[in-house]
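The structure appears right after this line, and notes come after that.
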Amino acid sequence: MKILKMIASVAIGGLMVFGAASAQAQETGYWQKIQSRGTLRCGAAVAPPHVMRDPASGEFSGAFIDLCKEIADVVGVKAEVIDTSWDNIVAGLQADRWDMSLALNRTPKRALAIAFTDSAWDYQVSIVHNKANPKIDASWKSLADFDKAGVTIAIMSGTAQEQILSTQIKNATLLRLPDSDATRLALMSRRADVLVDDADSNLLFTTKNGEDWVTVLPEPAIAKQGVGMGLPRNVTGADLAVINLLFAEKIAKGEMKASVDKYAKQLLDQK
């Protein structure tokens, strides 16, 4: 009987330890940690109209900045936007410098390192060039057409399109620059012959800068991907559902498109 009591005591003690560990794990889950801190830290790299930063005030705006704030409101915390670059947008998330990476293209390579929400927006890449550039033939439609010796292609480093072009461009020169302003300045100053970027951002650029620019939606496509949020690799399906359900409702009600259109109009009105 004494032996049975000892076994029972050990078993009960083990269950208590297991229960305490389970409770502790639950308390320190993804959203629980954020609620304990009181802030949702969102890593943001500029990509108009999804993520924009006022150069004078440093204030962020854009469709995905609004999503960060809405998610924070759902969780019951404040939103904190942290400035970063596309080179560091994934590494900073892995290093726990922020809780969520905004407006991140969903790629298989990134999915090996981090988790993704569902897409809030669709993404494709376009090519922009000056119609008077003698190096460019008006009939060019594919990325391979532009892959010619002597052609310089401006692209933001650390982006999904930079990863793709790094493997596909064999003859042209890739001019890797840190942000969208630098790539557009390179194109306009003729340091670069071609700009490869998100089609939404390129549309804003060509609309604002007159009729000198030609936009090509390449065939075959360079990339067509969803754009969502990047989260730490160990989040659970229940953690992701908090955001995915919000996205599904906003897309179904047309609110996501309305938000992107609003910020695109703001940029165009600054012309």
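Just so we're on the same page: first chain in the structure tokens is A, next is B, and so on; residues restart at 1 for each chain, and ligands are numbered from 1 in the order they show up.
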Apply DSSP to the backbone of this structure and, from range 4-250 of chain A, keep only the residues in strand (DSSP E); write these as a ChimeraX atom specification. /A:39-44,52-53,60-61,78-83,100-105,115-116,121-130,152-156,173-177,194-198,213-216,224-231
Within 7 Å of range 262-267 of chain A, which residues of range 36-97 of chain A come that close, and what is the closest atom pair and distance in Å for each? Count only C-alpha atoms and give it as JSON lines.
```
{"residue": "A:Pro49", "atom": "CA", "partner": "A:Ala264", "partner_atom": "CA", "distance": 5.5}
{"residue": "A:Gly62", "atom": "CA", "partner": "A:Tyr263", "partner_atom": "CA", "distance": 6.0}
{"residue": "A:Ala63", "atom": "CA", "partner": "A:Tyr263", "partner_atom": "CA", "distance": 7.0}
```
Between CA of Asn202 in chain A and CA of Ala172 in chain A - distance in Å to one decimal: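 Spanning CA of Ala172 in chain A to CA of Asn202 in chain A is a straight-line distance of 20.3 Å.
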Could you give me the residues within range 110-204 of chain A that DSSP places in alpha helix (DSSP H), as a PyMOL selection string? chain A and resi 110-111+143-146+160-168+180-188+199-204
Give one line per residue of range 220-252 of chain A that approaches range 84-90 of chain A to at most 12 Å, naming the two atoms of the closest pair and their distance in Å to one decimal, counting only C-alpha atoms; sort by chain then ascending residue number and deliver it as JSON lines.
```
{"residue": "A:Met229", "atom": "CA", "partner": "A:Val90", "partner_atom": "CA", "distance": 10.8}
{"residue": "A:Gly230", "atom": "CA", "partner": "A:Val90", "partner_atom": "CA", "distance": 7.8}
{"residue": "A:Leu231", "atom": "CA", "partner": "A:Val90", "partner_atom": "CA", "distance": 9.2}
{"residue": "A:Pro232", "atom": "CA", "partner": "A:Val90", "partner_atom": "CA", "distance": 9.4}
{"residue": "A:Arg233", "atom": "CA", "partner": "A:Val90", "partner_atom": "CA", "distance": 10.9}
```
Which of A:Ala111, A:Ala252, A:Val227, A:Met188 sits closest to Ala47 in chain A [using only C-alpha atoms]: A:Val227
Top pick for closest residue to Gly76 in chain A, considering A:Val151, A:Val51, A:Ile34, A:Ile114 and counting only C-alpha atoms: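 Using only C-alpha atoms, Gly76 in chain A sits closest to A:Ile34.
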Using only C-alpha atoms, find the one residue out of A:Pro108, A:Thr39, A:Lys170, A:Asp198 that sits nearest to Leu143 in chain A.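 Distance minimum relative to Leu143 in chain A lands on A:Lys170.
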